[in-house]
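Have a look at the structure below before the remarks.
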Amino acid sequence: PVDLAGRIANLLGAKHAPAVVHAVSGVDLDVQAGEVIGIVGESGCGKSTLGRIVAGINPPSAGTVHYQGQPVHSLPRAERRAYELGVQMIFQNPMASLNPRMRVLDIIGEAPVVHGLVRKADQRAYVADLMRQVGLDPDYAQRYPHQFSGGQRQRIGIARALALKPRAIVCDEAVAALDVSIQAQVLNLFTQLRREFELTYLFISHNLGVVGHIADRVVIMYLGRVVEVAPTDTVFTRPNHPYTQALLAELPTLDTTRRAYQPIQGELPSPLAPPSGCAFHPRCPQALPRCSSERPALKTLAPGHTSACHLNDLPQPITVHAKAVPA
Ligand code: SF4
Ligand code: MG
């Protein structure tokens, strides 16, 4: 279970006003409308659970999801529905999430009619427009999901999400099942749609490289906890947490200036019985004696950069800038 020590809030704040995601395990994220937050971790780290909580699919096990200052669970019905429509979700396996017996026209166009966003008479034109926007030929609206390729199916899933005019989209491993060349195309589509629709994304992936292509900010999770939050550039140039450094070591790079970090060692422990202290300690090449008993708190290292590691409590090297004064 994800430890929502505080609150996840207000992904759907007023347009252009900062929307706020509060406190995932004690961290507050101020999300600007249109920002992309990447959530990275191995499977079982709780990132999917977090996404489902934000999308209103699962209730949080602890803590609350707030929308415009109010806990979602206590919102009046209509506002709660507005919240749930406002955050759409795109999944890894488009085949599993698309009804095989429905035509694309209905897959994309049914919900907006049901929710009164579009009149039945305008459904065809509405769907055709969306299909064009995601790079599908509108002439294929009468076809069934199995008549499309994997990449095209993911585009159908994206159009279905966009049809509900969301403010935010949670993408859970949305390109993981696609070939690498198709991944790049779909990532480009996400980037383009983000600009056109002023979307906020929560982009969940086990692949730091994929997230690096799309996210403005990255949240690194390990066994249900946030271990580091940083702007994407910082994650790649100055990662602080040894787990983040290990994830980086696994990425192929042609950049010879990038510092070499140790790749991750050992097996991922069961999320049901995480190790004591810092949950990463059995796999950490830099573990200190206290790491097995004391859980490190998230500490702010620089504006927008937090990390939970005891190494940050060690005395830092002091750089002295002094001029020799002639006697
Ligand atoms: Fe490694 Fe200790 Fe830092 Fe955990 S707290 S990442 S075990 S050094
Ligand atoms: Mg998952």
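Lettering and numbering for the structure tokens are positional, with chains as A, B, ... in the shown order, residues counted from 1 in each chain, and ligands counted from 1 in the shown order.
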**Asked** Using only C-alpha atoms, which residues sit within 7 Å of segment 199-202 of chain A once same-chain residues fewer than 6 positions away are excluded, as number ranges by chain?
**Response** A: 33-38, 167-171
Checklist line | Exercise: segment 274-281 of chain A partners within 12 Å, only C-alpha atoms, chain neighbours under 5 positions left out, as number ranges by chain | finding: A: 1, 44-45, 221-227, 241-244, 246, 264-269, 286-298, 308-311
Looking only at the backbone, which of the residues in segment 25-263 of chain A does DSSP tag as strand (DSSP E or B), as a ChimeraX atom specification?
/A:27-31,36-40,64-67,70-71,87-90,168-172,200-205,217-222,225-231
Go ahead and write the residues just picked, C-alpha atoms, as an mmCIF file, in the first residue's frame.
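The new file again01.cif reads:
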data_model
loop_
_atom_site.group_PDB
_atom_site.id
_atom_site.type_symbol
_atom_site.label_atom_id
_atom_site.label_comp_id
_atom_site.auth_asym_id
_atom_site.auth_seq_id
_atom_site.Cartn_x
_atom_site.Cartn_y
_atom_site.Cartn_z
ATOM 1 C CA VAL A 27 6.215 15.375 0.254
ATOM 2 C CA ASP A 28 4.278 18.310 -1.172
ATOM 3 C CA LEU A 29 4.326 18.778 -4.907
ATOM 4 C CA ASP A 30 3.084 21.980 -6.459
ATOM 5 C CA VAL A 31 1.969 20.925 -9.887
ATOM 6 C CA VAL A 36 4.256 16.486 -16.361
ATOM 7 C CA ILE A 37 5.222 14.566 -13.254
ATOM 8 C CA GLY A 38 7.029 11.280 -13.805
ATOM 9 C CA ILE A 39 6.739 8.547 -11.197
ATOM 10 C CA VAL A 40 9.470 5.934 -11.411
ATOM 11 C CA THR A 64 -7.011 11.755 1.699
ATOM 12 C CA VAL A 65 -7.278 13.018 -1.843
ATOM 13 C CA HIS A 66 -8.277 16.676 -1.851
ATOM 14 C CA TYR A 67 -9.949 18.511 -4.694
ATOM 15 C CA GLN A 70 -12.045 19.456 -0.021
ATOM 16 C CA PRO A 71 -11.519 15.748 0.556
ATOM 17 C CA VAL A 87 -8.676 12.824 -14.185
ATOM 18 C CA GLN A 88 -8.556 10.093 -16.807
ATOM 19 C CA MET A 89 -6.322 7.068 -16.856
ATOM 20 C CA ILE A 90 -4.437 5.343 -19.682
ATOM 21 C CA ALA A 168 -5.157 15.561 -15.972
ATOM 22 C CA ILE A 169 -4.256 12.129 -17.313
ATOM 23 C CA VAL A 170 -2.625 9.363 -15.333
ATOM 24 C CA CYS A 171 -0.547 7.270 -17.746
ATOM 25 C CA ASP A 172 0.339 3.942 -16.141
ATOM 26 C CA THR A 200 -1.299 17.726 -16.600
ATOM 27 C CA TYR A 201 0.171 14.229 -16.712
ATOM 28 C CA LEU A 202 1.124 11.837 -14.011
ATOM 29 C CA PHE A 203 3.408 9.624 -16.056
ATOM 30 C CA ILE A 204 4.096 6.327 -14.315
ATOM 31 C CA SER A 205 6.878 4.059 -15.589
ATOM 32 C CA ARG A 217 9.783 16.618 -12.604
ATOM 33 C CA VAL A 218 10.441 13.101 -11.400
ATOM 34 C CA VAL A 219 9.280 11.313 -8.260
ATOM 35 C CA ILE A 220 11.347 8.230 -7.482
ATOM 36 C CA MET A 221 9.549 5.588 -5.407
ATOM 37 C CA TYR A 222 10.897 2.546 -3.652
ATOM 38 C CA ARG A 225 7.744 5.458 -0.363
ATOM 39 C CA VAL A 226 9.009 8.490 -2.161
ATOM 40 C CA VAL A 227 12.810 8.499 -1.947
ATOM 41 C CA GLU A 228 13.648 11.449 -4.202
ATOM 42 C CA VAL A 229 11.853 14.273 -6.006
ATOM 43 C CA ALA A 230 13.739 16.487 -8.415
ATOM 44 C CA PRO A 231 13.484 18.377 -11.698
#
Return as a Markdown table the residues of chain A lying at most 10 Å from ligand 2, together with the closest atom-to-atom pair for each and the distance in Å to one decimal, counting only C-alpha atoms and all ligand atoms, with rows in chain order and ascending residue number.
| residue | atom | partner | partner_atom_place_in_ligand_line | distance |
| --- | --- | --- | --- | --- |
| A:Gly41 | CA | ligand 2 | 1 (Mg) | 9.1 |
| A:Glu42 | CA | ligand 2 | 1 (Mg) | 8.2 |
| A:Ser43 | CA | ligand 2 | 1 (Mg) | 5.3 |
| A:Gly44 | CA | ligand 2 | 1 (Mg) | 6.6 |
| A:Cys45 | CA | ligand 2 | 1 (Mg) | 8.0 |
| A:Gly46 | CA | ligand 2 | 1 (Mg) | 7.4 |
| A:Lys47 | CA | ligand 2 | 1 (Mg) | 6.4 |
| A:Ser48 | CA | ligand 2 | 1 (Mg) | 4.5 |
| A:Thr49 | CA | ligand 2 | 1 (Mg) | 7.6 |
| A:Leu50 | CA | ligand 2 | 1 (Mg) | 9.7 |
| A:Gly51 | CA | ligand 2 | 1 (Mg) | 9.2 |
| A:Phe91 | CA | ligand 2 | 1 (Mg) | 9.5 |
| A:Gln92 | CA | ligand 2 | 1 (Mg) | 8.8 |
| A:Asp172 | CA | ligand 2 | 1 (Mg) | 6.9 |
| A:Glu173 | CA | ligand 2 | 1 (Mg) | 7.1 |
| A:Ile204 | CA | ligand 2 | 1 (Mg) | 8.1 |
| A:Ser205 | CA | ligand 2 | 1 (Mg) | 7.8 |
| A:His206 | CA | ligand 2 | 1 (Mg) | 8.1 |
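Using only C-alpha atoms, the protein and nucleic acid residues lying no more than 10 Å from Arg124 of chain A, apart from those fewer than 2 places from it along its own chain, are Leu105, Asp106, Ile108, Gly109, Arg119, Lys120, Ala121, Asp122, Tyr126, Val127, Ala128, Asp129, Leu130, Pro138 and Ala141 of chain A.
Picture a line from atom CA of Glu196 of chain A to atom CA of Val210 of chain A; it runs 21.2 Å.
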Can you list every residue in segment 96-309 of chain A that DSSP puts in alpha helix (DSSP H), as number ranges by chain?
A: 96-97, 104-114, 123-133, 150-162, 180-197, 208-214, 232-237, 242-249
If we count only C-alpha atoms, what is near segment 149-157 of chain A at a cut-off of 8 Å, once residues fewer than 5 positions away on the same chain are taken out, given as a PDB file with N, CA and C atoms, in the first residue's frame?
ATOM      1  N   ILE A  90      -4.810   6.137 -18.505  1.00  0.00           N
ATOM      2  CA  ILE A  90      -4.437   5.343 -19.682  1.00  0.00           C
ATOM      3  C   ILE A  90      -3.545   4.211 -19.191  1.00  0.00           C
ATOM      4  N   ASN A  93      -1.891  -1.956 -21.208  1.00  0.00           N
ATOM      5  CA  ASN A  93      -2.326  -2.889 -22.238  1.00  0.00           C
ATOM      6  C   ASN A  93      -3.625  -2.411 -22.867  1.00  0.00           C
ATOM      7  N   PRO A  94      -3.525  -1.726 -24.018  1.00  0.00           N
ATOM      8  CA  PRO A  94      -4.740  -1.158 -24.607  1.00  0.00           C
ATOM      9  C   PRO A  94      -5.739  -2.236 -25.009  1.00  0.00           C
ATOM     10  N   MET A  95      -5.257  -3.435 -25.366  1.00  0.00           N
ATOM     11  CA  MET A  95      -6.174  -4.503 -25.776  1.00  0.00           C
ATOM     12  C   MET A  95      -7.078  -4.904 -24.618  1.00  0.00           C
ATOM     13  N   SER A  97      -7.950  -3.039 -22.123  1.00  0.00           N
ATOM     14  CA  SER A  97      -8.830  -1.982 -21.631  1.00  0.00           C
ATOM     15  C   SER A  97      -9.831  -1.501 -22.685  1.00  0.00           C
ATOM     16  N   LEU A  98      -9.746  -2.071 -23.913  1.00  0.00           N
ATOM     17  CA  LEU A  98     -10.725  -1.717 -24.940  1.00  0.00           C
ATOM     18  C   LEU A  98     -11.686  -2.890 -25.136  1.00  0.00           C
ATOM     19  N   VAL A 104     -14.823   1.459 -32.621  1.00  0.00           N
ATOM     20  CA  VAL A 104     -14.047   2.599 -32.128  1.00  0.00           C
ATOM     21  C   VAL A 104     -14.950   3.821 -31.886  1.00  0.00           C
ATOM     22  N   ILE A 108     -14.775   5.469 -28.129  1.00  0.00           N
ATOM     23  CA  ILE A 108     -14.380   6.858 -27.868  1.00  0.00           C
ATOM     24  C   ILE A 108     -15.604   7.729 -27.555  1.00  0.00           C
ATOM     25  N   MET A 131     -10.061  11.436 -33.343  1.00  0.00           N
ATOM     26  CA  MET A 131      -9.230  10.460 -34.052  1.00  0.00           C
ATOM     27  C   MET A 131      -8.139  11.169 -34.837  1.00  0.00           C
ATOM     28  N   VAL A 134      -5.299  12.356 -32.556  1.00  0.00           N
ATOM     29  CA  VAL A 134      -4.335  11.356 -32.072  1.00  0.00           C
ATOM     30  C   VAL A 134      -3.676  10.599 -33.234  1.00  0.00           C
ATOM     31  N   GLY A 135      -3.894  11.063 -34.459  1.00  0.00           N
ATOM     32  CA  GLY A 135      -3.211  10.466 -35.603  1.00  0.00           C
ATOM     33  C   GLY A 135      -3.852   9.207 -36.141  1.00  0.00           C
ATOM     34  N   LEU A 136      -5.180   9.078 -35.964  1.00  0.00           N
ATOM     35  CA  LEU A 136      -5.904   7.930 -36.540  1.00  0.00           C
ATOM     36  C   LEU A 136      -6.811   8.435 -37.662  1.00  0.00           C
ATOM     37  N   ALA A 174       2.125   3.543 -19.954  1.00  0.00           N
ATOM     38  CA  ALA A 174       1.334   3.704 -21.169  1.00  0.00           C
ATOM     39  C   ALA A 174       2.078   3.335 -22.443  1.00  0.00           C
ATOM     40  N   LEU A 178       4.769  -1.315 -25.989  1.00  0.00           N
ATOM     41  CA  LEU A 178       4.978  -0.990 -27.403  1.00  0.00           C
ATOM     42  C   LEU A 178       6.439  -1.162 -27.812  1.00  0.00           C
ATOM     43  N   ILE A 182       7.755   2.669 -31.795  1.00  0.00           N
ATOM     44  CA  ILE A 182       6.366   3.121 -31.591  1.00  0.00           C
ATOM     45  C   ILE A 182       6.274   3.907 -30.279  1.00  0.00           C
ATOM     46  N   GLN A 183       7.056   3.489 -29.263  1.00  0.00           N
ATOM     47  CA  GLN A 183       7.107   4.211 -27.986  1.00  0.00           C
ATOM     48  C   GLN A 183       7.408   5.679 -28.222  1.00  0.00           C
ATOM     49  N   VAL A 186       4.454   7.538 -29.688  1.00  0.00           N
ATOM     50  CA  VAL A 186       3.368   7.783 -28.737  1.00  0.00           C
ATOM     51  C   VAL A 186       3.796   8.834 -27.702  1.00  0.00           C
TER      52      VAL A 186
END
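Interatomic distance, atom CA of Leu248 of chain A against atom CA of Leu187 of chain A: 19.9 Å.
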Min atom-atom distance to ligand 1 from the set A:Ala273, A:Pro285, A:Pro315, A:Thr300, counting only C-alpha atoms and all ligand atoms, belongs to A:Pro285
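For the set A:Gln147, A:Asn188, A:Asn207, A:Asn99, the residue with the smallest atom-to-atom gap to Ala176 of chain A is A:Asn207, counting only C-alpha atoms.
One finds atom CA of Glu110 of chain A at 20.5 Å from atom CA of Phe197 of chain A.
Of the residues listed (A:Asp313, A:Asp179, A:Glu79, A:Asp137), A:Asp313 shows the shortest atom-to-atom separation from ligand 1; distances use only C-alpha atoms and all ligand atoms.
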Residues near Gln245 of chain A, cut-off 10 Å, only C-alpha atoms, skip fewer than 5 positions along chain, as a PyMOL selection string
chain A and resi 235-240+250+259-264
